[in-house]
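**Q** Just so it is clear, I am handing over coords19.pdb, which has PDB, C-alpha atoms.
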```
ATOM      1  CA  MET W 127     -32.461 -63.234  10.547
ATOM      2  CA  MET W 128     -31.822 -66.973  10.823
ATOM      3  CA  ILE W 129     -28.302 -68.296  10.510
ATOM      4  CA  VAL W 130     -27.751 -71.355   8.326
ATOM      5  CA  GLN W 131     -25.840 -73.800  10.527
ATOM      6  CA  ASN W 132     -25.613 -76.839   8.248
ATOM      7  CA  GLU W 133     -27.141 -78.424   5.137
ATOM      8  CA  HIS W 134     -29.464 -80.881   6.910
ATOM      9  CA  PRO W 135     -33.010 -80.286   5.606
ATOM     10  CA  LEU W 136     -34.559 -80.252   9.076
ATOM     11  CA  TYR W 137     -31.658 -79.033  11.232
ATOM     12  CA  ARG W 138     -30.608 -76.245   8.864
ATOM     13  CA  TYR W 139     -31.027 -73.461  11.442
ATOM     14  CA  LEU W 140     -30.381 -75.463  14.646
ATOM     15  CA  ASP W 141     -27.206 -75.252  16.700
ATOM     16  CA  GLU W 142     -25.560 -78.363  18.144
ATOM     17  CA  GLU W 143     -27.425 -78.226  21.452
ATOM     18  CA  GLU W 144     -30.774 -77.847  19.664
ATOM     19  CA  ILE W 145     -29.925 -80.759  17.365
ATOM     20  CA  ARG W 146     -29.257 -82.936  20.415
ATOM     21  CA  ILE W 147     -32.705 -82.072  21.764
ATOM     22  CA  VAL W 148     -34.477 -82.871  18.484
ATOM     23  CA  GLU W 149     -32.538 -86.119  18.139
ATOM     24  CA  GLN W 150     -34.203 -87.341  21.342
ATOM     25  CA  ALA W 151     -37.304 -87.832  19.167
ATOM     26  CA  MET W 152     -35.446 -89.477  16.290
ATOM     27  CA  ARG W 153     -34.991 -93.144  15.516
ATOM     28  CA  SER W 154     -32.983 -94.685  12.704
ATOM     29  CA  GLN W 155     -34.225 -97.348  10.337
ATOM     30  CA  VAL W 156     -32.612 -99.260   7.500
ATOM     31  CA  PHE W 157     -34.772-100.261   4.531
ATOM     32  CA  GLY W 158     -33.706-103.014   2.179
ATOM     33  CA  PRO W 159     -33.872-102.747  -1.620
ATOM     34  CA  GLN W 160     -37.515-102.477  -2.825
ATOM     35  CA  ASP W 161     -38.832-102.069   0.729
ATOM     36  CA  ILE W 162     -41.830 -99.767   0.898
ATOM     37  CA  ILE W 163     -41.009 -96.743   3.046
ATOM     38  CA  LEU W 164     -44.403 -95.011   2.717
ATOM     39  CA  SER W 165     -47.691 -96.077   1.165
ATOM     40  CA  THR W 166     -50.451 -94.007  -0.420
ATOM     41  CA  GLY W 167     -53.333 -93.542   2.007
ATOM     42  CA  ASP W 168     -51.167 -93.993   5.086
ATOM     43  CA  ARG W 169     -52.288 -91.449   7.681
ATOM     44  CA  LYS W 170     -49.074 -91.357   9.711
ATOM     45  CA  ARG W 171     -47.619 -87.875  10.167
ATOM     46  CA  ASP W 172     -43.984 -88.759  10.848
ATOM     47  CA  ILE W 173     -41.210 -86.944   8.971
ATOM     48  CA  LEU W 174     -38.429 -89.035   7.434
ATOM     49  CA  CYS W 175     -35.038 -87.927   6.230
ATOM     50  CA  ILE W 176     -33.038 -90.082   3.838
ATOM     51  CA  ASP W 177     -29.540 -90.180   5.317
ATOM     52  CA  GLU W 178     -28.046 -92.632   2.807
ATOM     53  CA  GLY W 179     -29.293 -94.212  -0.407
ATOM     54  CA  GLN W 180     -32.002 -93.405  -2.922
ATOM     55  CA  ALA W 181     -35.768 -93.838  -2.887
ATOM     56  CA  LEU W 182     -38.349 -93.831  -5.650
ATOM     57  CA  VAL W 183     -41.581 -91.849  -5.340
ATOM     58  CA  PHE W 184     -44.366 -93.377  -7.401
ATOM     59  CA  ILE W 185     -48.141 -93.321  -7.726
ATOM     60  CA  GLU W 186     -50.525 -95.800  -9.293
ATOM     61  CA  ASN W 187     -52.936 -94.747 -12.027
ATOM     62  CA  GLU W 188     -56.509 -96.018 -12.300
ATOM     63  CA  ALA W 189     -55.279 -99.035 -14.263
ATOM     64  CA  GLY W 190     -52.985 -99.943 -11.379
ATOM     65  CA  GLU W 191     -49.844 -99.070 -13.318
ATOM     66  CA  SER W 192     -46.962 -97.509 -11.412
ATOM     67  CA  ILE W 193     -45.935 -94.048 -12.518
ATOM     68  CA  GLU W 194     -42.567 -92.757 -11.346
ATOM     69  CA  VAL W 195     -42.738 -89.267  -9.899
ATOM     70  CA  ALA W 196     -39.255 -88.600  -8.567
ATOM     71  CA  ILE W 197     -36.086 -90.139  -7.220
ATOM     72  CA  LEU W 198     -35.113 -88.862  -3.786
ATOM     73  CA  GLN W 199     -31.437 -88.614  -2.903
ATOM     74  CA  SER W 200     -29.806 -88.620   0.505
ATOM     75  CA  GLY W 201     -30.640 -85.402   2.313
ATOM     76  CA  SER W 202     -34.265 -85.457   1.138
ATOM     77  CA  LEU W 203     -37.202 -85.053   3.489
ATOM     78  CA  ILE W 204     -40.285 -87.208   3.139
ATOM     79  CA  GLY W 205     -43.674 -86.556   4.704
ATOM     80  CA  GLU W 206     -43.309 -82.903   5.663
ATOM     81  CA  MET W 207     -46.713 -82.047   4.162
ATOM     82  CA  ASN W 208     -48.496 -84.579   6.336
ATOM     83  CA  PHE W 209     -46.566 -83.353   9.346
ATOM     84  CA  VAL W 210     -47.983 -79.872   8.811
ATOM     85  CA  MET W 211     -51.542 -80.817   7.824
ATOM     86  CA  PRO W 212     -53.414 -83.971   8.789
ATOM     87  CA  THR W 213     -54.239 -85.745   5.547
ATOM     88  CA  HIS W 214     -52.949 -88.977   4.052
ATOM     89  CA  ARG W 215     -49.853 -89.881   2.116
ATOM     90  CA  THR W 216     -50.428 -89.149  -1.549
ATOM     91  CA  ALA W 217     -47.664 -91.272  -3.047
ATOM     92  CA  ASN W 218     -45.679 -94.421  -2.417
ATOM     93  CA  VAL W 219     -41.995 -94.342  -1.630
ATOM     94  CA  LYS W 220     -39.756 -97.378  -1.942
ATOM     95  CA  ALA W 221     -36.073 -97.946  -1.366
ATOM     96  CA  LEU W 222     -34.069 -98.361  -4.571
ATOM     97  CA  GLY W 223     -31.119 -99.931  -2.772
ATOM     98  CA  GLU W 224     -30.377 -99.996   0.910
ATOM     99  CA  VAL W 225     -31.711 -96.801   2.479
ATOM    100  CA  LYS W 226     -30.774 -95.468   5.884
ATOM    101  CA  ALA W 227     -33.371 -93.057   7.183
ATOM    102  CA  SER W 228     -33.983 -90.951  10.255
ATOM    103  CA  ILE W 229     -37.581 -91.021  11.393
ATOM    104  CA  TYR W 230     -39.094 -88.217  13.494
ATOM    105  CA  PRO W 231     -42.366 -89.487  14.942
ATOM    106  CA  TYR W 232     -45.077 -86.810  14.877
ATOM    107  CA  HIS W 233     -46.088 -86.915  18.538
ATOM    108  CA  GLU W 234     -42.550 -87.021  19.909
ATOM    109  CA  LEU W 235     -41.352 -84.184  17.683
ATOM    110  CA  SER W 236     -44.489 -82.120  18.386
ATOM    111  CA  ALA W 237     -43.917 -82.523  22.121
ATOM    112  CA  ILE W 238     -40.400 -81.110  21.794
ATOM    113  CA  LEU W 239     -41.562 -78.218  19.607
ATOM    114  CA  SER W 240     -44.402 -77.387  22.010
ATOM    115  CA  GLN W 241     -41.907 -76.981  24.826
ATOM    116  CA  ASN W 242     -39.285 -75.022  22.909
ATOM    117  CA  CYS W 243     -40.435 -72.175  20.674
ATOM    118  CA  CYS W 244     -36.881 -71.370  19.586
ATOM    119  CA  ILE W 245     -36.451 -74.862  18.129
ATOM    120  CA  ALA W 246     -40.017 -74.782  16.785
ATOM    121  CA  TYR W 247     -39.526 -71.660  14.717
ATOM    122  CA  LYS W 248     -36.272 -72.970  13.248
ATOM    123  CA  ILE W 249     -37.810 -76.335  12.340
ATOM    124  CA  PHE W 250     -40.881 -74.604  10.893
ATOM    125  CA  ALA W 251     -38.644 -72.286   8.872
ATOM    126  CA  ALA W 252     -36.657 -75.272   7.544
ATOM    127  CA  LEU W 253     -39.935 -76.897   6.491
ATOM    128  CA  ASN W 254     -40.996 -73.643   4.849
ATOM    129  CA  LEU W 255     -37.808 -73.635   2.809
ATOM    130  CA  GLN W 256     -38.486 -77.210   1.648
ATOM    131  CA  MET W 257     -42.097 -76.374   0.768
ATOM    132  CA  THR W 258     -41.047 -73.198  -1.047
ATOM    133  CA  HIS W 259     -38.804 -75.289  -3.322
ATOM    134  CA  LYS W 260     -41.685 -77.701  -3.885
ATOM    135  CA  LEU W 261     -44.159 -74.907  -4.668
ATOM    136  CA  LEU W 262     -41.818 -73.168  -7.098
ATOM    137  CA  GLY W 263     -41.157 -76.522  -8.781
ATOM    138  CA  ILE W 264     -44.888 -77.012  -9.302
ATOM    139  CA  MET W 265     -45.293 -73.466 -10.639
ATOM    140  CA  LYS W 266     -42.661 -73.970 -13.350
TER     141      LYS W 266
ATOM    142  CA  MET B 418     -48.773 -78.930  13.369
ATOM    143  CA  ASN B 419     -51.162 -78.382  16.207
ATOM    144  CA  ILE B 420     -48.984 -76.689  18.795
ATOM    145  CA  PHE B 421     -50.829 -73.372  18.391
ATOM    146  CA  VAL B 422     -54.531 -72.544  18.422
ATOM    147  CA  ARG B 423     -56.007 -70.231  15.827
ATOM    148  CA  SER B 424     -57.242 -66.987  17.330
ATOM    149  CA  GLN B 425     -57.240 -64.483  14.450
ATOM    150  CA  GLU B 426     -59.020 -64.194  11.105
ATOM    151  CA  ASN B 427     -56.166 -63.700   8.655
ATOM    152  CA  ASP B 428     -53.905 -66.581   7.741
ATOM    153  CA  LEU B 429     -50.576 -64.909   8.512
ATOM    154  CA  PHE B 430     -51.439 -63.765  12.026
ATOM    155  CA  LYS B 431     -53.819 -66.628  12.831
ATOM    156  CA  TYR B 432     -51.916 -67.842  15.904
ATOM    157  CA  LEU B 433     -51.118 -64.419  17.387
ATOM    158  CA  SER B 434     -52.499 -62.843  20.537
ATOM    159  CA  ASP B 435     -54.480 -59.610  20.131
ATOM    160  CA  ALA B 436     -51.504 -57.629  21.459
ATOM    161  CA  ASP B 437     -49.020 -59.179  18.992
ATOM    162  CA  LEU B 438     -51.535 -58.807  16.182
ATOM    163  CA  GLY B 439     -51.772 -55.080  16.893
ATOM    164  CA  LYS B 440     -47.977 -54.692  16.942
ATOM    165  CA  LEU B 441     -47.491 -56.379  13.575
ATOM    166  CA  MET B 442     -50.525 -54.850  11.881
ATOM    167  CA  ALA B 443     -49.083 -51.419  12.691
ATOM    168  CA  LYS B 444     -46.049 -52.309  10.556
ATOM    169  CA  CYS B 445     -48.112 -53.400   7.531
ATOM    170  CA  GLU B 446     -49.164 -51.207   4.664
ATOM    171  CA  LYS B 447     -52.692 -51.211   3.282
ATOM    172  CA  LYS B 448     -52.965 -50.910  -0.480
ATOM    173  CA  SER B 449     -55.841 -50.673  -2.936
ATOM    174  CA  LEU B 450     -55.502 -52.585  -6.197
ATOM    175  CA  LYS B 451     -57.284 -51.800  -9.438
ATOM    176  CA  ALA B 452     -58.897 -54.527 -11.511
ATOM    177  CA  GLY B 453     -56.177 -56.268 -13.515
ATOM    178  CA  GLU B 454     -53.303 -54.861 -11.471
ATOM    179  CA  LEU B 455     -50.335 -57.230 -11.313
ATOM    180  CA  ILE B 456     -48.391 -58.033  -8.153
ATOM    181  CA  SER B 457     -45.188 -60.041  -7.848
ATOM    182  CA  SER B 458     -42.318 -60.486  -5.442
ATOM    183  CA  ASN B 459     -40.448 -58.066  -7.718
ATOM    184  CA  THR B 460     -43.094 -55.438  -7.031
ATOM    185  CA  TYR B 461     -43.212 -55.851  -3.261
ATOM    186  CA  SER B 462     -40.865 -57.600  -0.825
ATOM    187  CA  ALA B 463     -43.779 -58.427   1.395
ATOM    188  CA  ILE B 464     -46.299 -61.067   2.305
ATOM    189  CA  LEU B 465     -49.648 -60.104   0.859
ATOM    190  CA  ILE B 466     -52.861 -60.551   2.839
ATOM    191  CA  VAL B 467     -56.105 -60.135   0.916
ATOM    192  CA  LEU B 468     -58.600 -57.958   2.796
ATOM    193  CA  THR B 469     -61.346 -57.555   0.188
ATOM    194  CA  GLY B 470     -61.839 -58.753  -3.387
ATOM    195  CA  LYS B 471     -60.051 -61.679  -4.996
ATOM    196  CA  LEU B 472     -56.682 -62.216  -6.668
ATOM    197  CA  SER B 473     -55.634 -64.947  -9.080
ATOM    198  CA  ARG B 474     -52.247 -66.645  -9.266
ATOM    199  CA  TYR B 475     -50.545 -67.166 -12.643
ATOM    200  CA  SER B 476     -47.385 -69.003 -13.591
ATOM    201  CA  SER B 477     -44.774 -67.249 -15.712
ATOM    202  CA  THR B 478     -46.278 -68.995 -18.753
ATOM    203  CA  GLY B 479     -49.683 -67.470 -17.984
ATOM    204  CA  ARG B 480     -51.325 -70.619 -16.621
ATOM    205  CA  LYS B 481     -53.829 -69.861 -13.867
ATOM    206  CA  ALA B 482     -52.907 -71.675 -10.675
ATOM    207  CA  GLY B 483     -55.429 -70.809  -8.027
ATOM    208  CA  SER B 484     -57.133 -67.863  -6.358
ATOM    209  CA  ILE B 485     -56.521 -65.957  -3.152
ATOM    210  CA  PHE B 486     -59.557 -64.943  -1.129
ATOM    211  CA  PRO B 487     -59.998 -62.520   1.790
ATOM    212  CA  GLY B 488     -58.024 -63.640   4.814
ATOM    213  CA  GLU B 489     -55.628 -65.705   2.697
ATOM    214  CA  ILE B 490     -52.005 -64.827   2.030
ATOM    215  CA  ASP B 491     -49.523 -65.083  -0.823
ATOM    216  CA  LEU B 492     -45.913 -64.222  -1.725
ATOM    217  CA  GLU B 493     -44.842 -65.860   1.570
ATOM    218  CA  ALA B 494     -42.541 -68.129  -0.466
ATOM    219  CA  GLY B 495     -40.511 -65.006  -1.236
ATOM    220  CA  LEU B 496     -39.227 -65.097   2.340
ATOM    221  CA  PHE B 497     -37.367 -68.332   1.535
ATOM    222  CA  ALA B 498     -36.705 -68.215  -2.203
ATOM    223  CA  GLU B 499     -33.225 -67.293  -3.379
ATOM    224  CA  GLU B 500     -34.638 -65.603  -6.474
ATOM    225  CA  ALA B 501     -37.805 -63.752  -7.449
ATOM    226  CA  LEU B 502     -40.871 -66.001  -7.410
ATOM    227  CA  ASN B 503     -41.746 -67.621 -10.722
ATOM    228  CA  TYR B 504     -45.380 -66.575 -10.572
ATOM    229  CA  HIS B 505     -47.425 -63.437 -10.160
ATOM    230  CA  LEU B 506     -50.817 -62.356  -8.899
ATOM    231  CA  LYS B 507     -53.543 -60.371 -10.609
ATOM    232  CA  SER B 508     -56.387 -58.539  -8.960
ATOM    233  CA  ASN B 509     -59.650 -59.803 -10.432
ATOM    234  CA  GLY B 510     -61.513 -56.616  -9.572
ATOM    235  CA  PRO B 511     -60.917 -53.754  -7.144
ATOM    236  CA  SER B 512     -59.226 -55.301  -4.099
ATOM    237  CA  GLU B 513     -57.651 -54.214  -0.859
ATOM    238  CA  VAL B 514     -54.568 -55.940   0.463
ATOM    239  CA  LEU B 515     -52.289 -55.622   3.446
ATOM    240  CA  LEU B 516     -48.553 -55.889   2.803
ATOM    241  CA  CYS B 517     -46.367 -57.200   5.606
ATOM    242  CA  PRO B 518     -42.728 -56.514   4.586
ATOM    243  CA  TYR B 519     -40.391 -59.522   4.716
ATOM    244  CA  SER B 520     -38.106 -57.378   6.880
ATOM    245  CA  VAL B 521     -40.820 -57.153   9.552
ATOM    246  CA  ILE B 522     -40.993 -60.966   9.737
ATOM    247  CA  GLN B 523     -37.201 -61.320   9.604
ATOM    248  CA  ASN B 524     -36.694 -58.833  12.422
ATOM    249  CA  ILE B 525     -39.036 -60.484  14.935
ATOM    250  CA  THR B 526     -36.948 -61.457  17.943
ATOM    251  CA  GLU B 527     -39.466 -63.164  20.273
ATOM    252  CA  PRO B 528     -39.171 -66.958  19.712
ATOM    253  CA  GLU B 529     -42.862 -67.654  20.342
ATOM    254  CA  LEU B 530     -43.955 -64.980  17.876
ATOM    255  CA  GLN B 531     -41.416 -66.254  15.335
ATOM    256  CA  ALA B 532     -42.756 -69.790  15.763
ATOM    257  CA  GLN B 533     -46.375 -68.654  15.418
ATOM    258  CA  ILE B 534     -45.619 -66.828  12.157
ATOM    259  CA  GLN B 535     -43.537 -69.693  10.720
ATOM    260  CA  ALA B 536     -46.273 -72.185  11.678
ATOM    261  CA  ALA B 537     -48.854 -70.053   9.881
ATOM    262  CA  ILE B 538     -46.632 -69.976   6.789
ATOM    263  CA  ASN B 539     -46.234 -73.783   7.056
ATOM    264  CA  ASP B 540     -50.009 -74.078   6.823
ATOM    265  CA  SER B 541     -50.346 -71.676   3.910
ATOM    266  CA  LEU B 542     -47.565 -73.226   1.791
ATOM    267  CA  CYS B 543     -48.857 -76.718   2.517
ATOM    268  CA  LEU B 544     -52.393 -75.781   1.434
ATOM    269  CA  LYS B 545     -51.106 -74.186  -1.777
ATOM    270  CA  ILE B 546     -49.084 -77.264  -2.704
ATOM    271  CA  ALA B 547     -51.979 -79.573  -1.837
ATOM    272  CA  SER B 548     -54.463 -77.569  -3.889
ATOM    273  CA  LEU B 549     -52.119 -77.495  -6.885
ATOM    274  CA  THR B 550     -51.156 -81.174  -6.773
ATOM    275  CA  HIS B 551     -54.313 -82.869  -5.512
ATOM    276  CA  ARG B 552     -56.933 -81.007  -7.504
ATOM    277  CA  GLY B 553     -54.788 -80.298 -10.548
ATOM    278  CA  HIS B 554     -54.289 -76.933 -12.089
ATOM    279  CA  ASP B 555     -56.999 -74.574 -13.129
ATOM    280  CA  ASP B 556     -56.037 -74.602 -16.776
ATOM    281  CA  SER B 557     -57.529 -71.297 -17.774
ATOM    282  CA  SER B 558     -54.946 -68.787 -18.882
ATOM    283  CA  GLU B 559     -54.433 -65.127 -18.284
TER     284      GLU B 559
END
```
Is it possible to express this structure as C-alpha cells?

**A**
Amino acid sequence: MMIVQNEHPLYRYLDEEEIRIVEQAMRSQVFGPQDIILSTGDRKRDILCIDEGQALVFIENEAGESIEVAILQSGSLIGEMNFVMPTHRTANVKALGEVKASIYPYHELSAILSQNCCIAYKIFAALNLQMTHKLLGIMK
Amino acid sequence: MNIFVRSQENDLFKYLSDADLGKLMAKCEKKSLKAGELISSNTYSAILIVLTGKLSRYSSTGRKAGSIFPGEIDLEAGLFAEEALNYHLKSNGPSEVLLCPYSVIQNITEPELQAQIQAAINDSLCLKIASLTHRGHDDSSE
C-alpha cells in the first residue's frame, strides 16, 4: 500500500529524499498574465505543475472562437496525458494572472524514472490518481 | 512513458517478464459472463481483463461510453477512486474475463513490478480518456 506523503499532485507518494531526486529534473518558470503556457498541436511531452496562480484551458471551434474548458488552480497538473502517450496537446492553456509553474521536461524526468523503479511507481501511481479523477469527471 | 518494453499480450501485464506474469496470473480468477451480465466496481474489487467476447461501458445515466475488447482492461480506476466508480460494464454476449483483485496489485512489494503495473495502468487510463474526449461519446444508450 502506498503512503500519502503530501498533497503535491506529482510528489504525493514520494518521501523527501525522492522529491530531491525528482527536483533535479525540474525547472521553474513564471508566466505573465495572458501568456500562453501550452498550445494546441504542440508535441512536447513535459509535465507542468501550477505552483501559484490560475490558468485558463480553452479550445478553438471551427469558427476560430475560443471556448473555455476549465480554470486550473494552483496544485493542478498540466500535460500528464502527453507525458504518458505521445500525441499532441489538445487544448490551449494561458495564464490568467501571473503564474508560477514547475516544469518537468520529459527526457530528464524519464531518465530519472528509468534509473529508479521505486520513484517511477510512485510517480506513475500519482498520475493514475490524476487520470482517474479526469476519467470519472468525463463519465459523469 | 517508454521506460518499459511491451512483452505480453494483455494490457495489465504488458510489461511483465514471463516469470512475473505467471506469478500474478496465478492470483487472478477466471470468470464466465452471460450475455447482458452487468459488472461494476461494486460487484468486484478487481481489475478486469477481457479474455474473449466484448464488454461495453455505460455511464450511470445509461450512456454508452466505449467498448472493451480481448486483451484490454477496465475497472483499474477503482484502485485510485475514493468511491465506487460511476460507470458499469455489460457483457455484449458470452464473455470470459480474468479478475485481478485490487489487493493483489496493492500487495506487490517489488518496485520494478509495481512500476510496470502502474505504467500499464497509466497507458490504459490515458487511452480511455483520449478515446472519450477526442472521438466523442458513443451516444447509443443501454

**Q** Which residues of chain B are close to chain W, meaning at most 10 Å apart when you count all atoms listed in the file, and how do they look as an MDAnalysis selection string?

**A** chainID B and resid 418:421 474:478 480:482 493:499 502:504 520 522:547 549:551 554

**Q** For the point (-24.3, -70.6, 12.6) in file coordinates, what residues are within 10 Å, counting only C-alpha atoms? Give the answer as an NGL selection string?

**A** :W and (128-132 or 138-142)

**Q** Nearest residue to Asp161 in chain W out of W:Gln199, W:Ala181, W:Glu188, W:Pro135, using only C-alpha atoms?

**A** W:Ala181

**Q** Just how far from CA of Leu429 in chain B is CA of Lys447 in chain B, in Å to one decimal?

**A** 14.8 Å

**Q** Give me, please, the distance in Å between CA of Leu455 in chain B and CA of Gly483 in chain B, quoted to one decimal.

**A**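 Between CA of Leu455 in chain B and CA of Gly483 in chain B the gap is 14.9 Å.
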